[in-house]
file input-v8.txt (compact mmCIF, C-alpha atoms)
# COMPACT_ATOMS: atom_id res chain seq x y z
CA MET A 1 82.47 117.75 99.71
CA ASN A 2 85.59 119.85 99.20
CA ILE A 3 86.98 119.20 102.67
CA ARG A 4 86.96 115.78 104.32
CA PRO A 5 88.84 116.04 107.64
CA ARG A 6 88.77 112.23 107.97
CA ILE A 7 91.27 111.83 105.13
CA ASN A 8 94.23 112.81 107.31
CA ARG A 9 92.93 110.46 110.03
CA TRP A 10 92.30 107.52 107.64
CA THR A 11 95.18 105.31 108.82
CA ALA A 12 97.48 105.20 111.81
CA ALA A 13 100.43 105.88 109.49
CA ARG A 14 98.81 109.08 108.19
CA ARG A 15 97.98 110.21 111.71
CA ASN A 16 101.52 109.55 112.89
CA LEU A 17 103.05 111.35 109.89
CA ILE A 18 101.05 114.50 110.54
CA ASN A 19 100.68 114.47 114.31
CA GLY A 20 103.60 112.38 115.58
CA GLY A 21 105.49 115.46 116.67
CA THR A 22 109.02 114.07 116.26
CA ILE A 23 111.35 114.72 113.35
CA LEU A 24 111.47 111.00 112.49
CA SER A 25 107.70 110.59 112.39
CA SER A 26 107.36 113.60 110.05
CA LEU A 27 109.90 112.46 107.44
CA VAL A 28 109.07 111.43 103.86
CA GLN A 29 111.71 109.82 101.64
CA PRO A 30 111.51 110.61 97.89
CA HIS A 31 112.17 107.79 95.38
CA PHE A 32 112.83 107.78 91.63
CA VAL A 33 111.20 104.73 90.04
CA VAL A 34 112.35 103.34 86.69
CA ALA A 35 111.18 100.48 84.50
CA GLY A 36 113.05 97.17 84.43
CA GLU A 37 114.51 94.81 87.01
CA GLN A 38 117.51 94.91 89.34
CA ILE A 39 118.20 98.56 88.54
CA ASP A 40 119.87 100.58 91.28
CA GLU A 41 121.54 103.48 89.50
CA PRO A 42 123.27 106.27 91.50
CA ILE A 43 122.10 109.78 90.61
CA ARG A 44 124.76 112.30 89.67
CA GLY A 45 124.98 115.14 92.16
CA MET A 46 122.85 113.39 94.80
CA PRO A 47 125.09 111.01 96.78
CA GLY A 48 123.12 108.15 98.33
CA ILE A 49 120.05 108.62 96.10
CA HIS A 50 119.40 106.17 93.27
CA GLN A 51 117.00 105.48 90.43
CA GLN A 52 115.48 102.10 91.27
CA SER A 53 113.27 99.53 89.59
CA VAL A 54 110.26 98.31 91.53
CA ASP A 55 111.92 95.13 92.84
CA VAL A 56 114.86 97.07 94.30
CA LEU A 57 112.55 99.81 95.59
CA LEU A 58 110.57 97.27 97.61
CA LYS A 59 113.71 96.11 99.43
CA THR A 60 114.86 99.67 100.08
CA VAL A 61 111.51 100.76 101.51
CA GLU A 62 111.30 97.64 103.68
CA GLU A 63 114.71 98.40 105.17
CA ASP A 64 113.79 102.06 105.71
CA ALA A 65 110.53 101.07 107.40
CA SER A 66 112.40 98.85 109.83
CA HIS A 67 114.18 102.00 111.01
CA GLY A 68 110.96 103.94 111.48
CA LEU A 69 110.70 105.69 108.11
CA LYS A 70 107.06 105.11 107.20
CA ALA A 71 106.32 107.52 104.34
CA VAL A 72 107.53 107.72 100.73
CA MET A 73 107.02 110.02 97.77
CA LEU A 74 107.29 108.36 94.34
CA PHE A 75 108.45 109.99 91.10
CA GLY A 76 108.14 107.98 87.91
CA VAL A 77 111.09 108.36 85.54
CA VAL A 78 109.68 107.93 82.02
CA ALA A 79 111.80 106.62 79.14
CA HIS A 80 111.97 108.81 76.05
CA GLU A 81 109.98 106.37 73.91
CA HIS A 82 106.99 106.70 76.27
CA LYS A 83 106.94 110.50 76.26
CA ASP A 84 104.51 112.46 74.13
CA ALA A 85 102.89 115.89 73.97
CA ARG A 86 100.04 114.93 76.34
CA ALA A 87 101.88 112.95 79.02
CA SER A 88 99.76 109.89 78.19
CA TYR A 89 102.07 107.46 79.98
CA ALA A 90 101.65 109.35 83.27
CA HIS A 91 98.14 107.92 83.72
CA ASP A 92 98.81 104.52 82.18
CA ALA A 93 97.81 102.01 84.87
CA SER A 94 100.41 99.53 83.58
CA SER A 95 103.35 101.91 84.08
CA HIS A 96 106.18 101.10 86.49
CA LEU A 97 105.06 103.92 88.81
CA HIS A 98 101.60 102.38 89.13
CA GLN A 99 103.23 98.97 89.65
CA ALA A 100 105.27 100.49 92.47
CA ILE A 101 102.15 101.84 94.17
CA TYR A 102 100.40 98.46 93.92
CA ALA A 103 103.45 96.59 95.18
CA LEU A 104 104.15 98.88 98.13
CA LYS A 105 100.56 98.86 99.31
CA LYS A 106 100.41 95.06 98.94
CA ALA A 107 103.59 94.70 100.99
CA HIS A 108 102.87 97.31 103.66
CA GLY A 109 99.16 98.10 103.53
CA ASP A 110 98.16 100.95 105.80
CA ASP A 111 101.48 100.84 107.68
CA LEU A 112 103.12 102.93 104.94
CA VAL A 113 102.03 106.32 103.61
CA VAL A 114 102.49 106.33 99.82
CA MET A 115 102.59 109.73 98.13
CA THR A 116 102.86 110.14 94.36
CA ASP A 117 103.91 113.03 92.18
CA VAL A 118 101.17 114.35 89.87
CA CYS A 119 102.61 116.45 87.06
CA LEU A 120 103.15 116.31 83.30
CA CYS A 121 106.84 117.24 83.13
CA THR A 122 108.33 113.75 83.44
CA ALA A 123 106.08 112.27 80.72
CA THR A 124 105.97 115.08 78.14
CA GLU A 125 108.43 115.28 75.29
CA HIS A 126 108.82 119.02 75.91
CA GLY A 127 109.39 118.63 79.68
CA HIS A 128 106.87 121.24 80.82
CA CYS A 129 104.35 120.89 83.65
CA GLY A 130 101.35 121.43 81.37
CA LEU A 131 100.18 121.04 77.81
CA VAL A 132 101.84 123.40 75.36
CA HIS A 133 100.30 125.32 72.45
CA ASP A 134 102.42 127.77 70.45
CA ARG A 135 105.09 127.54 73.18
CA GLU A 136 102.59 128.61 75.82
CA ILE A 137 101.45 126.42 78.73
CA ILE A 138 97.68 126.02 78.60
CA ASN A 139 96.14 125.94 82.06
CA ASP A 140 92.65 124.44 81.88
CA ALA A 141 93.39 121.69 79.36
CA SER A 142 96.38 120.72 81.48
CA VAL A 143 94.14 120.38 84.53
CA ASN A 144 92.07 117.74 82.73
CA VAL A 145 95.19 115.62 82.22
CA LEU A 146 96.28 116.16 85.81
CA VAL A 147 92.92 114.87 86.99
CA ASN A 148 93.40 111.69 84.96
CA ILE A 149 96.85 111.17 86.48
CA ALA A 150 95.58 111.77 90.02
CA LEU A 151 92.66 109.37 89.53
CA SER A 152 94.95 106.64 88.22
CA HIS A 153 97.26 106.97 91.23
CA ALA A 154 94.42 106.99 93.74
CA LYS A 155 92.86 103.91 92.16
CA ALA A 156 96.24 102.16 92.37
CA GLY A 157 96.26 102.81 96.12
CA ALA A 158 98.17 106.05 96.74
CA ASP A 159 97.40 107.65 100.09
CA TYR A 160 98.10 111.15 98.78
CA VAL A 161 98.43 112.44 95.23
CA CYS A 162 100.84 115.37 95.19
CA ALA A 163 99.95 118.05 92.65
CA SER A 164 103.28 119.70 91.87
CA ASP A 165 102.36 121.47 88.62
CA MET A 166 101.07 124.83 89.93
CA MET A 167 98.19 125.08 87.44
CA ASP A 168 95.27 127.23 88.65
CA GLY A 169 92.22 125.29 89.84
CA ARG A 170 93.67 121.80 89.74
CA ILE A 171 92.99 121.01 93.42
CA ASP A 172 89.27 121.74 93.03
CA SER A 173 89.13 119.59 89.89
CA ILE A 174 90.99 116.66 91.48
CA ARG A 175 88.81 116.78 94.59
CA SER A 176 85.65 116.85 92.47
CA ALA A 177 86.89 113.86 90.47
CA PHE A 178 87.66 111.93 93.66
CA GLU A 179 84.16 112.63 94.94
CA LYS A 180 82.54 111.49 91.70
CA ASN A 181 84.58 108.27 91.79
CA GLU A 182 83.86 107.67 95.50
CA LEU A 183 87.54 107.96 96.39
CA THR A 184 86.62 109.56 99.68
CA GLY A 185 89.73 108.32 101.50
CA SER A 186 92.23 109.56 98.91
CA GLY A 187 94.22 112.60 99.98
CA ILE A 188 95.62 115.57 98.07
CA LEU A 189 98.92 117.21 98.92
CA ALA A 190 99.07 120.54 97.10
CA TYR A 191 102.33 122.16 96.11
CA SER A 192 100.66 125.43 96.96
CA VAL A 193 103.70 127.64 97.38
CA LYS A 194 106.26 126.45 94.84
CA TYR A 195 108.87 128.88 93.61
CA ALA A 196 110.64 129.00 90.24
CA SER A 197 113.80 128.18 92.14
CA SER A 198 117.38 127.57 91.07
CA PHE A 199 117.65 124.71 93.60
CA TYR A 200 115.94 122.03 91.45
CA GLY A 201 118.83 121.12 89.14
CA PRO A 202 119.80 117.66 90.50
CA PHE A 203 116.13 116.62 90.63
CA ARG A 204 115.53 117.50 86.99
CA HIS A 205 118.47 115.31 86.04
CA ALA A 206 117.20 112.45 88.22
CA ALA A 207 113.61 112.67 86.94
CA GLN A 208 114.61 113.54 83.36
CA SER A 209 112.19 116.46 83.51
CA SER A 210 114.14 119.50 82.31
CA PRO A 211 112.07 121.76 80.02
CA GLY A 212 113.00 121.55 76.35
CA PHE A 213 112.59 125.31 75.94
CA GLY A 214 111.99 128.31 78.17
CA ASP A 215 111.48 127.93 81.90
CA ARG A 216 108.68 127.59 84.48
CA THR A 217 108.32 131.19 85.57
CA THR A 218 104.83 131.55 84.08
CA HIS A 219 103.33 129.11 86.61
CA GLN A 220 105.78 128.67 89.48
CA MET A 221 106.03 131.62 91.85
CA ASP A 222 108.52 134.45 91.42
CA VAL A 223 111.28 134.19 94.04
CA ARG A 224 110.85 137.93 94.68
CA SER A 225 107.14 137.72 95.52
CA GLY A 226 105.93 138.67 98.98
CA TYR A 227 104.07 136.80 101.68
CA GLU A 228 100.70 137.89 100.31
CA GLU A 229 100.94 135.71 97.20
CA ALA A 230 102.13 132.71 99.21
CA ILE A 231 99.21 133.04 101.61
CA LEU A 232 96.79 133.56 98.70
CA GLU A 233 97.94 130.37 96.99
CA ALA A 234 97.83 128.37 100.23
CA ASN A 235 94.37 129.60 101.15
CA LEU A 236 93.02 128.91 97.66
CA ASP A 237 94.25 125.31 97.69
CA GLU A 238 92.94 124.82 101.22
CA SER A 239 89.49 126.06 100.20
CA GLU A 240 89.51 123.83 97.10
CA GLY A 241 90.09 120.70 99.16
CA ALA A 242 93.82 120.19 99.74
CA ASP A 243 94.53 117.95 102.72
CA ILE A 244 98.17 119.05 103.10
CA ILE A 245 99.72 122.35 101.99
CA MET A 246 103.30 122.29 100.63
CA VAL A 247 106.00 124.98 100.60
CA LYS A 248 108.92 124.33 98.21
CA PRO A 249 111.93 124.81 98.41
CA GLY A 250 112.64 124.79 102.13
CA LEU A 251 115.78 126.51 103.36
CA PRO A 252 115.54 129.79 101.39
CA TYR A 253 111.87 130.08 102.35
CA LEU A 254 111.71 129.34 106.08
CA ASP A 255 110.09 132.74 106.58
CA VAL A 256 107.41 131.88 104.04
CA LEU A 257 106.88 128.48 105.67
CA ARG A 258 106.24 130.16 109.00
CA LYS A 259 103.78 132.64 107.48
CA VAL A 260 101.88 129.91 105.63
CA ALA A 261 101.75 127.67 108.70
CA ASP A 262 100.22 130.55 110.63
CA SER A 263 97.67 131.25 107.87
CA VAL A 264 96.11 127.81 107.19
CA VAL A 265 94.39 125.21 109.33
CA ARG A 266 95.41 122.20 107.23
CA PRO A 267 98.76 120.47 107.93
CA VAL A 268 101.80 122.00 106.24
CA ALA A 269 104.63 120.18 104.44
CA VAL A 270 108.00 121.44 103.29
CA TYR A 271 110.23 120.00 100.55
CA ASN A 272 113.94 119.97 101.33
CA VAL A 273 114.84 119.95 97.64
CA SER A 274 117.67 118.35 95.68
CA GLY A 275 119.88 121.44 95.48
CA GLU A 276 119.69 121.93 99.24
CA TYR A 277 120.51 118.26 99.76
CA SER A 278 123.49 118.38 97.43
CA MET A 279 124.90 121.47 99.14
CA VAL A 280 124.93 119.71 102.50
CA MET A 281 126.38 116.51 101.08
CA ASN A 282 129.17 118.45 99.36
CA ALA A 283 129.88 120.78 102.28
CA ALA A 284 130.24 118.23 105.07
CA ASP A 285 133.83 117.14 105.70
CA ASP A 286 132.86 113.87 107.38
CA GLU A 287 129.85 111.96 108.68
CA ALA A 288 129.87 113.67 112.07
CA SER A 289 129.69 117.15 110.54
CA ARG A 290 127.04 115.96 108.08
CA GLN A 291 124.96 114.64 110.96
CA HIS A 292 125.03 117.99 112.73
CA MET A 293 124.10 119.84 109.53
CA VAL A 294 121.23 117.49 108.68
CA VAL A 295 119.75 117.61 112.19
CA GLU A 296 120.03 121.41 112.19
CA VAL A 297 118.24 121.64 108.83
CA LEU A 298 115.43 119.28 109.82
CA THR A 299 114.98 121.02 113.17
CA ALA A 300 114.66 124.37 111.39
CA PHE A 301 111.79 123.02 109.27
CA LYS A 302 109.92 121.79 112.33
CA ARG A 303 110.51 125.05 114.20
CA ALA A 304 109.20 127.03 111.21
CA GLY A 305 105.91 125.13 111.34
CA ALA A 306 106.20 122.03 109.12
CA ASN A 307 104.14 118.99 110.10
CA VAL A 308 105.62 116.95 107.24
CA VAL A 309 109.20 117.12 105.92
CA VAL A 310 110.05 115.66 102.51
CA SER A 311 113.82 115.21 102.44
CA TYR A 312 116.47 113.15 100.68
CA HIS A 313 118.25 113.09 104.05
CA ALA A 314 115.40 111.07 105.57
CA ARG A 315 116.93 107.63 104.96
CA GLU A 316 120.33 108.35 106.42
CA ALA A 317 118.84 110.25 109.35
CA ALA A 318 116.54 107.34 110.18
CA ARG A 319 118.94 104.45 109.59
CA LYS A 320 121.77 106.07 111.58
CA ARG A 321 119.39 107.20 114.34
CA TRP A 322 120.27 110.84 113.98
CA VAL A 323 116.66 111.67 114.81
CA ASN A 324 114.13 109.88 117.00
call {"tool": "encode", "arguments": {"input": "input-v8.txt", "output": "C-alpha cells"}}
result
Amino acid sequence: MNIRPRINRWTAARRNLINGGTILSSLVQPHFVVAGEQIDEPIRGMPGIHQQSVDVLLKTVEEDASHGLKAVMLFGVVAHEHKDARASYAHDASSHLHQAIYALKKAHGDDLVVMTDVCLCTATEHGHCGLVHDREIINDASVNVLVNIALSHAKAGADYVCASDMMDGRIDSIRSAFEKNELTGSGILAYSVKYASSFYGPFRHAAQSSPGFGDRTTHQMDVRSGYEEAILEANLDESEGADIIMVKPGLPYLDVLRKVADSVVRPVAVYNVSGEYSMVMNAADDEASRQHMVVEVLTAFKRAGANVVVSYHAREAARKRWVN
C-alpha cells in the first residue's frame, strides 16, 4: 500500500501535532545530535541552539515537553573520521543519532513525536545529498542508500523519517521498503518543495554538511521556478506515499506554501530555516520585540496553510508561553 491514512492517526501525539489547531501543538523543535557525553556546544550564528550529546538532549527534550513541546526533528552531526563516499555511518544502528532515537522513545514513548533527517550530506566526505560519480550526483543509486537510512531510523523507533535529499523517486522506494519490512506504522515526511536557497548557511555550519564542491542546484528547486513545479513535486510525493508534505524555506515562500496546501490532501509542513531564525534573532532589540516577531512569523505559517511548523523558535515560544 502506498498510502496508509492510519499512520498520521497512529498515536495521540501525532494526531495532536497535525490536527491540534494551535501554534503550540503544531511546533517541531530541531536538534543537532553529536557523539560523546555532557556536550552542549552553542552554534555560531544561531543563538539559543546547541549541538548536544544524547544525555544532554534527553534533559532538554524533557524540559521542552513539560512546556507542551511534543515533537522533535533530529539531525546527526557526523565526525570527519566517520564520513565516507557512501554515507555508511548514516545507517549504522550504533550511531549516536540512532542512540538518540532509542533513548527518546524509551523515555517518552508515544507521548513524543520523533522525526529524523534522512539524507547523505552529513555523512559523506564530499557533503552532497547523494552519491557522486565524476562530480555528478547519481539519483537512483543514492535512493538505495536513502532507503537503508530510512529503514534504520524506523527500526530504531522514529515516528517519521524526513527525506530531505530531493532525489527523484525516493518516497516510493522508502514506502515500498517499509511495506516489505512490515513497518506499517512508520511515517514519511517528504521535503517535497525544497529550494536551493541562500537561507541555509547557519544550518550547514551546525550540521557540518556544506558541499565540498559545487552546489545543490541540480536537485533542489530553482528559486525562480513557478507554482507548477512546486505542485508537481508535492503531488508526486503524495502519490508515492508521503504522509506529510514539506515546503522549505518558509518566509520567502509563503505564497508557495498556500498553493501547495490547496493542492494536496495530506498534511503540510513548513520549515522555518536557520537563516530566517538568525535574521529574527539579530534584528530584535529586546525580548519583547523578539516575541512579537516570532509570533507574527509563526502565525503567518499557520495562515498560509501549514499543519506542522518546524522552527528553531519553538523552544523559546513554548517555554515563555508566547503561544498556546
call {"tool": "closest_residue", "arguments": {"input": "input-v8.txt", "among": "A:Arg224, A:His31, A:Lys302, A:Lys155", "to": "Ala261 of chain A", "atoms": "only C-alpha atoms"}}
result
A:Lys302
call {"tool": "closest_residue", "arguments": {"input": "input-v8.txt", "among": "A:Ser198, A:Thr122, A:Ser176, A:Gln291", "to": "Asn148 of chain A", "atoms": "all atoms listed in the file"}}
result
A:Ser176
call {"tool": "residues_around", "arguments": {"input": "input-v8.txt", "residues": "segment 53-65 of chain A", "least_positions_apart": "5", "cutoff": "6 Å", "atoms": "all atoms listed in the file", "output": "JSON list (two decimals) with C-alpha atoms, in the frame of the given file"}}
result
[["chain", "number", "residue", "atom", "x", "y", "z"],
["A", 33, "VAL", "CA", 111.20, 104.73, 90.04],
["A", 34, "VAL", "CA", 112.35, 103.34, 86.69],
["A", 35, "ALA", "CA", 111.18, 100.48, 84.50],
["A", 36, "GLY", "CA", 113.05, 97.17, 84.43],
["A", 37, "GLU", "CA", 114.51, 94.81, 87.01],
["A", 39, "ILE", "CA", 118.20, 98.56, 88.54],
["A", 70, "LYS", "CA", 107.06, 105.11, 107.20],
["A", 100, "ALA", "CA", 105.27, 100.49, 92.47]]
call {"tool": "atom_distance", "arguments": {"input": "input-v8.txt", "atom1": "atom CA of Ile49 of chain A", "atom2": "atom CA of Ala242 of chain A"}}
result
28.9 Å
call {"tool": "closest_residue", "arguments": {"input": "input-v8.txt", "among": "A:Asn181, A:Asn144, A:Asn139, A:Ser192", "to": "Ser164 of chain A", "atoms": "only C-alpha atoms"}}
result
A:Ser192
call {"tool": "residues_around", "arguments": {"input": "input-v8.txt", "residues": "Arg44 of chain A", "least_positions_apart": "2", "cutoff": "8 Å", "atoms": "all atoms listed in the file", "output": "list in words"}}
result
Pro42, Met46, Pro47, Pro202, His205 and Ala206 of chain A
call {"tool": "closest_residue", "arguments": {"input": "input-v8.txt", "among": "A:Asp172, A:Glu136, A:Asp286, A:Glu179", "to": "Ala154 of chain A", "atoms": "all atoms listed in the file"}}
result
A:Glu179
call {"tool": "residues_around", "arguments": {"input": "input-v8.txt", "residues": "segment 243-248 of chain A", "least_positions_apart": "5", "cutoff": "8 Å", "atoms": "only C-alpha atoms", "output": "PyMOL selection string"}}
result
chain A and resi 3+5+7-8+187-195+234+237-238+253+256-257+266-273
call {"tool": "residues_around", "arguments": {"input": "input-v8.txt", "residues": "Asp92 of chain A", "least_positions_apart": "4", "cutoff": "10 Å", "atoms": "only C-alpha atoms", "output": "JSON, numbers by chain"}}
result
{"A": [87, 88, 96, 97, 98, 148, 149, 152, 153]}
call {"tool": "closest_residue", "arguments": {"input": "input-v8.txt", "among": "A:Asp111, A:Val72, A:Trp322, A:Gly305", "to": "Ser289 of chain A", "atoms": "all atoms listed in the file"}}
result
A:Trp322
call {"tool": "residues_around", "arguments": {"input": "input-v8.txt", "residues": "Asp110 of chain A", "least_positions_apart": "3", "cutoff": "8 Å", "atoms": "all atoms listed in the file", "output": "JSON list (two decimals) with C-alpha atoms, in the coordinates of the input"}}
result
[["chain", "number", "residue", "atom", "x", "y", "z"],
["A", 11, "THR", "CA", 95.18, 105.31, 108.82],
["A", 12, "ALA", "CA", 97.48, 105.20, 111.81],
["A", 13, "ALA", "CA", 100.43, 105.88, 109.49],
["A", 105, "LYS", "CA", 100.56, 98.86, 99.31],
["A", 113, "VAL", "CA", 102.03, 106.32, 103.61]]
call {"tool": "atom_distance", "arguments": {"input": "input-v8.txt", "atom1": "atom CA of Ser311 of chain A", "atom2": "atom CA of Pro249 of chain A"}}
result
10.6 Å
call {"tool": "atom_distance", "arguments": {"input": "input-v8.txt", "atom1": "atom CA of Ala107 of chain A", "atom2": "atom CA of Ala158 of chain A"}}
result
13.3 Å
call {"tool": "residues_near_point", "arguments": {"input": "input-v8.txt", "point": "(95.6, 121.9, 86.8)", "cutoff": "10 Å", "atoms": "all atoms listed in the file", "output": "list in words"}}
result
Val118, Cys119, Cys129, Gly130, Ile138, Asn139, Asp140, Ala141, Ser142, Val143, Asn144, Val145, Leu146, Val147, Ala163, Ser164, Asp165, Met166, Met167, Asp168, Gly169, Arg170, Ile171, Asp172, Ser173 and Ile174 of chain A
